[in-house]
Structure formats: structure tokens, C-alpha cells
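Working notes, beginning with the structure itself.
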Amino acid sequence: MQGIILRGIGGFFYAMDDQGEVHTLRAQNKLRRERMKPLVGDRVEMEPGTGEEDGWVLAIHPRKNQLVRPPVANVDKVLVVAAAASPDPDLAMIDRLLVNIRLAGIQPLLAVTKADLNPENAREICRQYARAGVSPVAVCAPEGRGIPELRQALQGSVHALAGQSGAGKSSLINALYGLELETGDLSRKIERGKNTTRRCELIPVSGGGMVLDTPGFSLLDTPLMEPEKLKELYPEFAPYEGKCFFSPCLHAHEPKCAARDAVAEGEIDARRHGRYVEFLEETKKRWKERYG
Ligand SMILES: Nc1nc2c(ncn2[C@@H]2O[C@H](COP(=O)(O)OP(=O)(O)O)[C@@H](O)[C@H]2O)c(=O)[nH]1
Ligand SMILES: [Mg+2]
Ligand SMILES: [Zn+2]
């Protein structure tokens with residue numbers, strides 16, 4: 001029988017089968033000998049328990065992708081959450097998140113929350129990412145604005161939300177799926193967070209998908225990469241690839257660069273391009289110093 005791991009705790013795994021039934025399982029010795037630890041999101045072959053007996057995870061299907069913090073596998077989409085205000089968004093950080101999500105083999109999406117607090121900024125951020133392949137949506141969770149669009153974009157997928165603390169991730173999950181995850185101000189959460197275990201759990205939602213409930217998501221450290229790779233993680237450059245005078249062209253300072261022309265024409269957002277150039281310089285520096 002097949003299942004998907006929703007949660008793991010203290011050597012027990014909770015897996016949901018095709019009928020939506022949840023089984024308590026332990027990992028078979030064979031897996032432990034092979035040091036194969038089931039992760040949340042793993043598709044597994046399982047033997048359900050009988051009566052009082054727990055069942056077994058027999059095998060783990062090959063993973064489509066895998067993250068370290070939180071330890072989770074097979075995420076289809078990550079919805080990056082940036083607030084239009086309170087806290088002010090750090091767009092360089094958002095760019096990095098998007099790059100790292102793509103590098104992990106996951107489709108990123110963007111929600112600009114708290115649009116009610118600063119509608120003009122929400123529009124402006126959506127404009128900046130219009131061609132970034134993230135289908136940006138402005139959201140106001142309390143009023144339900146943007147919720148149907150996001151629900152549709154996420155439908156049927158295994159997805160997670162990432163972004164700054166206080167950006168409105170838990171409020172958004174609640175608005176999307178009628179859940180009651182804890183929301184609130186940061187200081188209260190830090191106080192309480194000391195004693196609560198860091199949970200990481202897949203929650204089945206209407207529409208056939210699953211949302212990952214996790215207090216944190218560390219996708220901020222970009223792995224070492226060749227500078228030429230970075231532009232491939234910016235979908236807005238794709239239409240201009242191969243049309244520049246130089247080949248390869250990094251679309252930064254090169255003359256007769258089709259992508260830079262597109263920036264001048266307003267087809268590629270100038271601020272997003274500016275941050276790309278900064279990120280590129282840093283990537284070059286790290287690459288040059290990689291052995292030192
Ligand atoms: N005005 C407004 N406040 C929001 C919105 N979404 C969330 N908030 C508030 O922002 C604070 C942080 O939200 P929360 O969902 O806990 O953020 P998280 O840390 O990213 O999970 C809470 O006080 C929410 O009530 C929104 O769309 N508009
Ligand atoms: Mg939260
Ligand atoms: Zn170029």
C-alpha cells in the first residue's frame with residue numbers, strides 16, 4: 001500500500017493512504033540500516049498496522065526534491081510571502097528566496113500580503129515581479145482579497161509558505177483553508193516558542209493538495225554557484241537569451257546586451273535587474289574565492 005508521510009515524531013511516522021486514512025508507522029529495520037530516514041512529504045510503500053500493532057514503512061519512493069530545514073521532501077510549490085508594509089519587505093531577500101527555491105527544483109510563487117496597509121506598494125511589488133515567473137498576487141487576508149487566485153494557483157499541490165516572520169503566512173494559510181493556525185505579533189511568539197517543539201507537518205486541504213505547516217523556512221543561503229548560472233534563475237531574461245552581442249552574456253554591464261535594452265525599454269523591471277547585478281557581483285566574488 002502507498003502513502004504519504006504527514007508527520008514524524010519520536011521514531012513514529014503518520015502516513016495518509018489514498019483513501020485519506022492516516023496510519024501510525026515505524027521504519028523497517030532495513031531502512032534504518034540503509035540510513036534512510038523517512039521525511040515529511042515522502043511517498044512510501046507501507047504495511048498498515050493491524051489492531052493494536054503499528055504498521056511499517058517498507059520503502060521510500062525516489063524523491064523529487066529535498067530540503068534540509070525543515071526536513072521535507074517532494075514540495076511542488078513554495079509561496080513566498082512579502083508584506084506590503086509592517087514589516088517592510090526586503091526585496092533583495094525575496095529575490096534570493098526565489099533563486100534558492102528554483103535551485104531546489106521547486107516552483108516559487110509570490111503573495112504580497114497586507115495590501116490594505118499600503119495598496120500602492122503592493123501594486124508596485126507585483127509590478128516588479130510580473131515577469132519573474134511567480135504569478136504575483138496582492139492579498140488582504142482579513143478581507144479575503146486575492147485568496148481565490150492563490151487557492152487556484154496552489155490547488156492539488158504540496159506547498160509551503162516562506163517569508164519573514166510577521167509577513168502574514170499563518171493568516172494566509174488560515175484564510176486559504178479555513179484553518180486556525182496561530183497568528184500574532186512577534187514578541188509573543190518568541191516568548192512562547194522557547195518551549196514548543198518545532199513542528200513540521202503536512203495538512204491535507206480541500207482541492208486535494210497539502211500545505212506544510214512549519215514555523216521556519218531557511219532558504220536564505222544560496223549555495224556556491226558559477227556566476228553564469230544565476231541568470232538562468234531569473235525567468236525575465238529567458239526571451240533575450242542568445243540575442244546579446246557577447247556570448248555568454250551575464251546581462252550586467254556588457255555592451256549591446258538585449259536584456260539591458262529590455263530594462264531600458266521597461267520590459268524588465270529596473271530595480272529587479274539592479275538587485276540581480278548586485279547578487280551577480282557577490283556570486284562572482286564567492287566563486288573566485290571558492291578555494292580560499
Ligand atoms: N492589516 C493586515 N494585517 C495582516 C494581514 N495578514 C496578516 N496580518 C497581521 O500580521 C500579523 C502577523 O501575521 P502572521 O500570520 O502571524 O505572520 P507569520 O509570522 O508570517 O505567520 C498578525 O497580527 C496578523 O493579524 C493583512 O492582510 N492585513
Ligand atoms: Mg506564523
Ligand atoms: Zn545580455
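If you're wondering about the labels, chains in the C-alpha cells are A, B, ... by order shown, residues count from 1 in each chain, ligands from 1 in order shown.
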
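With only C-alpha atoms taken into account, the protein and nucleic acid residues at most 7 Å from Phe12 of chain A (excluding it and anything under 4 positions from it in its own chain) are Gly8, Thr24, Leu25 and Arg26 of chain A.
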
As JSON, numbers by chain, please: the residues near Lys229 of chain A (cut-off 10 Å, only C-alpha atoms, same-chain neighbours under 3 positions excluded).
{"A": [103, 225, 226, 232, 233, 234, 250, 280, 283]}

Give me the residues near segment 267-279 of chain A as a PyMOL selection string, where near means some atom within 12 Å (using only C-alpha atoms) and where sequence neighbours in that chain fewer than 3 positions away do not count.
chain A and resi 90-96+98-99+124-132+222+225+227-240+250-254+258-264+282-286

Give me, as JSON lines, each residue of chain A that comes within 8 Å of ligand 2, together with its shortest interatomic pair and the distance in Å at one decimal, counting only C-alpha atoms and all ligand atoms, with rows ordered by chain and rising residue number.
{"residue": "A:Ser165", "atom": "CA", "partner": "ligand 2", "partner_atom_place_in_ligand_line": "1 (Mg)", "distance": 6.7}
{"residue": "A:Gly166", "atom": "CA", "partner": "ligand 2", "partner_atom_place_in_ligand_line": "1 (Mg)", "distance": 6.8}
{"residue": "A:Gly168", "atom": "CA", "partner": "ligand 2", "partner_atom_place_in_ligand_line": "1 (Mg)", "distance": 6.8}
{"residue": "A:Lys169", "atom": "CA", "partner": "ligand 2", "partner_atom_place_in_ligand_line": "1 (Mg)", "distance": 5.4}
{"residue": "A:Ser170", "atom": "CA", "partner": "ligand 2", "partner_atom_place_in_ligand_line": "1 (Mg)", "distance": 4.2}
{"residue": "A:Ser171", "atom": "CA", "partner": "ligand 2", "partner_atom_place_in_ligand_line": "1 (Mg)", "distance": 7.3}
{"residue": "A:Leu181", "atom": "CA", "partner": "ligand 2", "partner_atom_place_in_ligand_line": "1 (Mg)", "distance": 7.5}
{"residue": "A:Glu182", "atom": "CA", "partner": "ligand 2", "partner_atom_place_in_ligand_line": "1 (Mg)", "distance": 6.5}
{"residue": "A:Thr183", "atom": "CA", "partner": "ligand 2", "partner_atom_place_in_ligand_line": "1 (Mg)", "distance": 5.5}
{"residue": "A:Gly184", "atom": "CA", "partner": "ligand 2", "partner_atom_place_in_ligand_line": "1 (Mg)", "distance": 7.5}
{"residue": "A:Thr214", "atom": "CA", "partner": "ligand 2", "partner_atom_place_in_ligand_line": "1 (Mg)", "distance": 8.0}
{"residue": "A:Pro215", "atom": "CA", "partner": "ligand 2", "partner_atom_place_in_ligand_line": "1 (Mg)", "distance": 6.0}

As a PyMOL selection string, please: all residues of segment 77-212 of chain A that backbone DSSP puts in strand (DSSP E or B).
chain A and resi 77-83+107-113+137-138+140+145+158-162+201-204+210-212

Write out the residues from the selection above, keeping N, CA and C atoms, as a PDB file, in the first residue's frame.
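File produced: selection-v3.pdb:
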ATOM      1  N   LYS A  77       5.471  23.416  -4.702  1.00  0.00           N
ATOM      2  CA  LYS A  77       5.484  24.873  -4.810  1.00  0.00           C
ATOM      3  C   LYS A  77       5.789  25.512  -3.464  1.00  0.00           C
ATOM      4  N   VAL A  78       6.517  26.623  -3.500  1.00  0.00           N
ATOM      5  CA  VAL A  78       6.676  27.427  -2.297  1.00  0.00           C
ATOM      6  C   VAL A  78       6.101  28.810  -2.586  1.00  0.00           C
ATOM      7  N   LEU A  79       5.155  29.212  -1.759  1.00  0.00           N
ATOM      8  CA  LEU A  79       4.571  30.543  -1.869  1.00  0.00           C
ATOM      9  C   LEU A  79       5.396  31.487  -0.993  1.00  0.00           C
ATOM     10  N   VAL A  80       6.111  32.390  -1.656  1.00  0.00           N
ATOM     11  CA  VAL A  80       6.902  33.373  -0.915  1.00  0.00           C
ATOM     12  C   VAL A  80       5.966  34.506  -0.517  1.00  0.00           C
ATOM     13  N   VAL A  81       6.032  34.871   0.764  1.00  0.00           N
ATOM     14  CA  VAL A  81       5.126  35.873   1.303  1.00  0.00           C
ATOM     15  C   VAL A  81       5.919  37.117   1.685  1.00  0.00           C
ATOM     16  N   ALA A  82       5.574  38.241   1.073  1.00  0.00           N
ATOM     17  CA  ALA A  82       6.183  39.524   1.410  1.00  0.00           C
ATOM     18  C   ALA A  82       5.059  40.470   1.778  1.00  0.00           C
ATOM     19  N   ALA A  83       5.215  41.210   2.871  1.00  0.00           N
ATOM     20  CA  ALA A  83       4.181  42.158   3.274  1.00  0.00           C
ATOM     21  C   ALA A  83       4.403  43.480   2.547  1.00  0.00           C
ATOM     22  N   GLN A 107       8.786  25.104  -7.704  1.00  0.00           N
ATOM     23  CA  GLN A 107       8.193  26.272  -8.359  1.00  0.00           C
ATOM     24  C   GLN A 107       7.861  27.355  -7.327  1.00  0.00           C
ATOM     25  N   PRO A 108       8.471  28.543  -7.425  1.00  0.00           N
ATOM     26  CA  PRO A 108       8.104  29.613  -6.492  1.00  0.00           C
ATOM     27  C   PRO A 108       6.914  30.430  -6.971  1.00  0.00           C
ATOM     28  N   LEU A 109       6.117  30.926  -6.018  1.00  0.00           N
ATOM     29  CA  LEU A 109       5.020  31.858  -6.293  1.00  0.00           C
ATOM     30  C   LEU A 109       5.174  33.015  -5.312  1.00  0.00           C
ATOM     31  N   LEU A 110       4.512  34.140  -5.606  1.00  0.00           N
ATOM     32  CA  LEU A 110       4.654  35.299  -4.719  1.00  0.00           C
ATOM     33  C   LEU A 110       3.303  35.865  -4.296  1.00  0.00           C
ATOM     34  N   ALA A 111       3.148  36.051  -2.982  1.00  0.00           N
ATOM     35  CA  ALA A 111       1.974  36.742  -2.453  1.00  0.00           C
ATOM     36  C   ALA A 111       2.442  38.001  -1.740  1.00  0.00           C
ATOM     37  N   VAL A 112       1.833  39.130  -2.079  1.00  0.00           N
ATOM     38  CA  VAL A 112       2.145  40.382  -1.382  1.00  0.00           C
ATOM     39  C   VAL A 112       0.998  40.656  -0.421  1.00  0.00           C
ATOM     40  N   THR A 113       1.258  40.411   0.852  1.00  0.00           N
ATOM     41  CA  THR A 113       0.213  40.495   1.878  1.00  0.00           C
ATOM     42  C   THR A 113       0.080  41.917   2.424  1.00  0.00           C
ATOM     43  N   VAL A 137       0.448  37.941  -6.554  1.00  0.00           N
ATOM     44  CA  VAL A 137      -0.931  38.269  -6.180  1.00  0.00           C
ATOM     45  C   VAL A 137      -0.907  39.167  -4.949  1.00  0.00           C
ATOM     46  N   ALA A 138      -1.612  40.290  -5.020  1.00  0.00           N
ATOM     47  CA  ALA A 138      -1.765  41.153  -3.844  1.00  0.00           C
ATOM     48  C   ALA A 138      -2.887  40.601  -2.984  1.00  0.00           C
ATOM     49  N   CYS A 140      -5.163  40.680   0.832  1.00  0.00           N
ATOM     50  CA  CYS A 140      -5.541  41.167   2.151  1.00  0.00           C
ATOM     51  C   CYS A 140      -6.282  40.028   2.826  1.00  0.00           C
ATOM     52  N   ARG A 145      -9.222  39.267   0.017  1.00  0.00           N
ATOM     53  CA  ARG A 145      -8.770  39.702  -1.300  1.00  0.00           C
ATOM     54  C   ARG A 145      -7.562  38.886  -1.770  1.00  0.00           C
ATOM     55  N   VAL A 158       1.539  19.982  -3.248  1.00  0.00           N
ATOM     56  CA  VAL A 158       2.154  20.016  -1.919  1.00  0.00           C
ATOM     57  C   VAL A 158       2.913  21.332  -1.852  1.00  0.00           C
ATOM     58  N   HIS A 159       2.514  22.206  -0.942  1.00  0.00           N
ATOM     59  CA  HIS A 159       3.140  23.526  -0.927  1.00  0.00           C
ATOM     60  C   HIS A 159       3.466  24.013   0.473  1.00  0.00           C
ATOM     61  N   ALA A 160       4.373  24.985   0.501  1.00  0.00           N
ATOM     62  CA  ALA A 160       4.797  25.579   1.760  1.00  0.00           C
ATOM     63  C   ALA A 160       4.815  27.086   1.587  1.00  0.00           C
ATOM     64  N   LEU A 161       4.806  27.811   2.704  1.00  0.00           N
ATOM     65  CA  LEU A 161       4.900  29.262   2.659  1.00  0.00           C
ATOM     66  C   LEU A 161       6.217  29.679   3.297  1.00  0.00           C
ATOM     67  N   ALA A 162       6.898  30.629   2.671  1.00  0.00           N
ATOM     68  CA  ALA A 162       8.165  31.106   3.202  1.00  0.00           C
ATOM     69  C   ALA A 162       8.159  32.623   3.216  1.00  0.00           C
ATOM     70  N   GLU A 201       4.673  19.738   9.558  1.00  0.00           N
ATOM     71  CA  GLU A 201       3.551  18.831   9.336  1.00  0.00           C
ATOM     72  C   GLU A 201       2.836  19.188   8.041  1.00  0.00           C
ATOM     73  N   LEU A 202       2.471  18.173   7.275  1.00  0.00           N
ATOM     74  CA  LEU A 202       1.657  18.393   6.077  1.00  0.00           C
ATOM     75  C   LEU A 202       0.196  18.312   6.470  1.00  0.00           C
ATOM     76  N   ILE A 203      -0.572  19.304   6.068  1.00  0.00           N
ATOM     77  CA  ILE A 203      -2.000  19.314   6.356  1.00  0.00           C
ATOM     78  C   ILE A 203      -2.766  19.163   5.045  1.00  0.00           C
ATOM     79  N   PRO A 204      -3.536  18.051   4.898  1.00  0.00           N
ATOM     80  CA  PRO A 204      -4.368  17.905   3.691  1.00  0.00           C
ATOM     81  C   PRO A 204      -5.414  19.011   3.663  1.00  0.00           C
ATOM     82  N   MET A 210      -1.845  19.704  -0.224  1.00  0.00           N
ATOM     83  CA  MET A 210      -1.398  19.686   1.169  1.00  0.00           C
ATOM     84  C   MET A 210      -0.520  20.893   1.411  1.00  0.00           C
ATOM     85  N   VAL A 211      -0.732  21.523   2.571  1.00  0.00           N
ATOM     86  CA  VAL A 211       0.084  22.670   2.925  1.00  0.00           C
ATOM     87  C   VAL A 211       1.008  22.280   4.069  1.00  0.00           C
ATOM     88  N   LEU A 212       2.237  22.735   4.001  1.00  0.00           N
ATOM     89  CA  LEU A 212       3.210  22.423   5.036  1.00  0.00           C
ATOM     90  C   LEU A 212       3.112  23.475   6.126  1.00  0.00           C
TER      91      LEU A 212
END

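Comparing A:Gly216, A:Gly156, A:Pro142, A:Gly105 by their smallest distance to ligand 1, the closest is A:Pro142 (using only C-alpha atoms and all ligand atoms).
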
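Using only C-alpha atoms and all ligand atoms, the shortest contact distance between ligand 3 and any of A:Phe245, A:Phe13, A:Phe217, A:Tyr291 is found at A:Phe245.
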
Would you mind listing what lies within 12 Å of segment 47-57 of chain A as a CSV table (one decimal) with N, CA and C atoms, in the first residue's frame, with only C-alpha atoms counted and same-chain residues fewer than 3 positions away left out?
chain,number,residue,atom,x,y,z
A,1,MET,N,0.8,-1.2,0.0
A,1,MET,CA,0.0,0.0,0.0
A,1,MET,C,0.9,1.2,0.0
A,2,GLN,N,0.4,2.3,-0.7
A,2,GLN,CA,1.2,3.5,-0.8
A,2,GLN,C,0.6,4.6,0.2
A,3,GLY,N,1.5,5.5,0.6
A,3,GLY,CA,1.1,6.6,1.5
A,3,GLY,C,2.0,7.7,1.4
A,4,ILE,N,1.6,8.8,2.0
A,4,ILE,CA,2.5,10.0,2.1
A,4,ILE,C,2.7,10.4,3.5
A,5,ILE,N,3.9,10.6,3.9
A,5,ILE,CA,4.2,10.9,5.3
A,5,ILE,C,3.8,12.4,5.6
A,8,GLY,N,6.3,13.2,11.4
A,8,GLY,CA,7.2,12.2,12.1
A,8,GLY,C,7.5,12.7,13.4
A,11,GLY,N,10.4,8.7,16.2
A,11,GLY,CA,10.5,7.4,15.6
A,11,GLY,C,9.2,6.8,15.0
A,12,PHE,N,8.1,7.6,15.2
A,12,PHE,CA,6.8,7.2,14.6
A,12,PHE,C,6.5,8.1,13.4
A,13,PHE,N,5.9,7.5,12.4
A,13,PHE,CA,5.5,8.3,11.2
A,13,PHE,C,4.0,8.1,11.0
A,14,TYR,N,3.4,9.2,10.6
A,14,TYR,CA,2.0,9.2,10.3
A,14,TYR,C,1.8,9.4,8.8
A,15,ALA,N,1.3,8.4,8.2
A,15,ALA,CA,1.1,8.4,6.7
A,15,ALA,C,-0.3,8.3,6.3
A,16,MET,N,-0.7,9.1,5.3
A,16,MET,CA,-2.0,9.0,4.8
A,16,MET,C,-2.1,8.2,3.5
A,17,ASP,N,-3.0,7.3,3.5
A,17,ASP,CA,-3.2,6.4,2.3
A,17,ASP,C,-4.1,7.1,1.2
A,21,GLU,N,-7.0,7.9,4.8
A,21,GLU,CA,-6.9,7.3,6.2
A,21,GLU,C,-5.5,7.5,6.7
A,22,VAL,N,-5.3,7.8,8.0
A,22,VAL,CA,-3.9,8.0,8.5
A,22,VAL,C,-3.5,6.8,9.3
A,23,HIS,N,-2.3,6.3,9.0
A,23,HIS,CA,-1.7,5.2,9.7
A,23,HIS,C,-0.5,5.6,10.5
A,24,THR,N,-0.4,4.9,11.7
A,24,THR,CA,0.8,5.1,12.5
A,24,THR,C,1.8,4.0,12.1
A,25,LEU,N,3.0,4.5,11.8
A,25,LEU,CA,4.0,3.5,11.2
A,25,LEU,C,5.4,3.7,11.9
A,26,ARG,N,6.2,2.6,11.8
A,26,ARG,CA,7.6,2.7,12.2
A,26,ARG,C,8.4,2.3,11.0
A,27,ALA,N,9.7,2.8,11.0
A,27,ALA,CA,10.5,2.5,9.8
A,27,ALA,C,11.1,1.1,10.0
A,28,GLN,N,11.0,0.3,8.9
A,28,GLN,CA,11.5,-1.1,9.0
A,28,GLN,C,13.0,-1.0,9.2
A,29,ASN,N,13.5,-2.1,9.8
A,29,ASN,CA,15.0,-2.2,10.1
A,29,ASN,C,15.8,-2.0,8.9
A,30,LYS,N,15.4,-2.6,7.8
A,30,LYS,CA,16.1,-2.5,6.5
A,30,LYS,C,16.4,-1.0,6.2
A,31,LEU,N,15.4,-0.1,6.4
A,31,LEU,CA,15.6,1.3,6.1
A,31,LEU,C,16.6,1.9,7.0
A,32,ARG,N,16.5,1.5,8.3
A,32,ARG,CA,17.4,2.1,9.3
A,32,ARG,C,18.8,1.7,9.0
A,36,MET,N,18.1,5.3,5.7
A,36,MET,CA,17.1,6.0,5.0
A,36,MET,C,16.0,6.4,6.0
A,37,LYS,N,16.0,7.7,6.4
A,37,LYS,CA,15.0,8.2,7.3
A,37,LYS,C,13.8,8.8,6.5
A,38,PRO,N,12.6,8.3,6.7
A,38,PRO,CA,11.5,8.9,6.1
A,38,PRO,C,11.4,10.4,6.4
A,39,LEU,N,11.0,11.2,5.5
A,39,LEU,CA,10.8,12.6,5.7
A,39,LEU,C,9.4,13.0,5.5
A,42,ASP,N,7.5,12.4,2.1
A,42,ASP,CA,7.9,11.2,1.3
A,42,ASP,C,6.7,10.4,0.9
A,43,ARG,N,6.8,9.8,-0.3
A,43,ARG,CA,5.8,8.8,-0.8
A,43,ARG,C,6.4,7.5,-0.4
A,44,VAL,N,5.7,6.7,0.3
A,44,VAL,CA,6.3,5.5,0.8
A,44,VAL,C,5.4,4.3,0.5
A,60,ILE,N,11.0,3.9,0.6
A,60,ILE,CA,10.7,5.3,0.3
A,60,ILE,C,10.9,5.4,-1.2
A,61,HIS,N,9.9,6.0,-1.8
A,61,HIS,CA,10.0,6.2,-3.3
A,61,HIS,C,11.0,7.3,-3.6

Can you tell me how far atom CA of Pro87 of chain A sits from atom 16 (O, counted along the ligand's line) of ligand 1, in Å to one decimal?
11.6 Å

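When atom CA of Pro148 of chain A is paired with atom 2 (C, counted along the ligand's line) of ligand 1, their separation reads 17.4 Å.
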
Members of segment 65-190 of chain A assigned helix (DSSP H, G or I) by DSSP, as a ChimeraX atom specification
/A:91-103,119-128,147-154,169-177,186-190

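Minimum atom-to-atom distance to ligand 1, evaluated using only C-alpha atoms and all ligand atoms, belongs to A:Gly163 out of A:Gly20, A:Gly163, A:Gly146, A:Pro89.
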
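In this comparison, which uses only C-alpha atoms and all ligand atoms, the residue of A:Gly10, A:Pro136, A:Gly178, A:Gly242 approaching ligand 3 most closely is A:Gly242.
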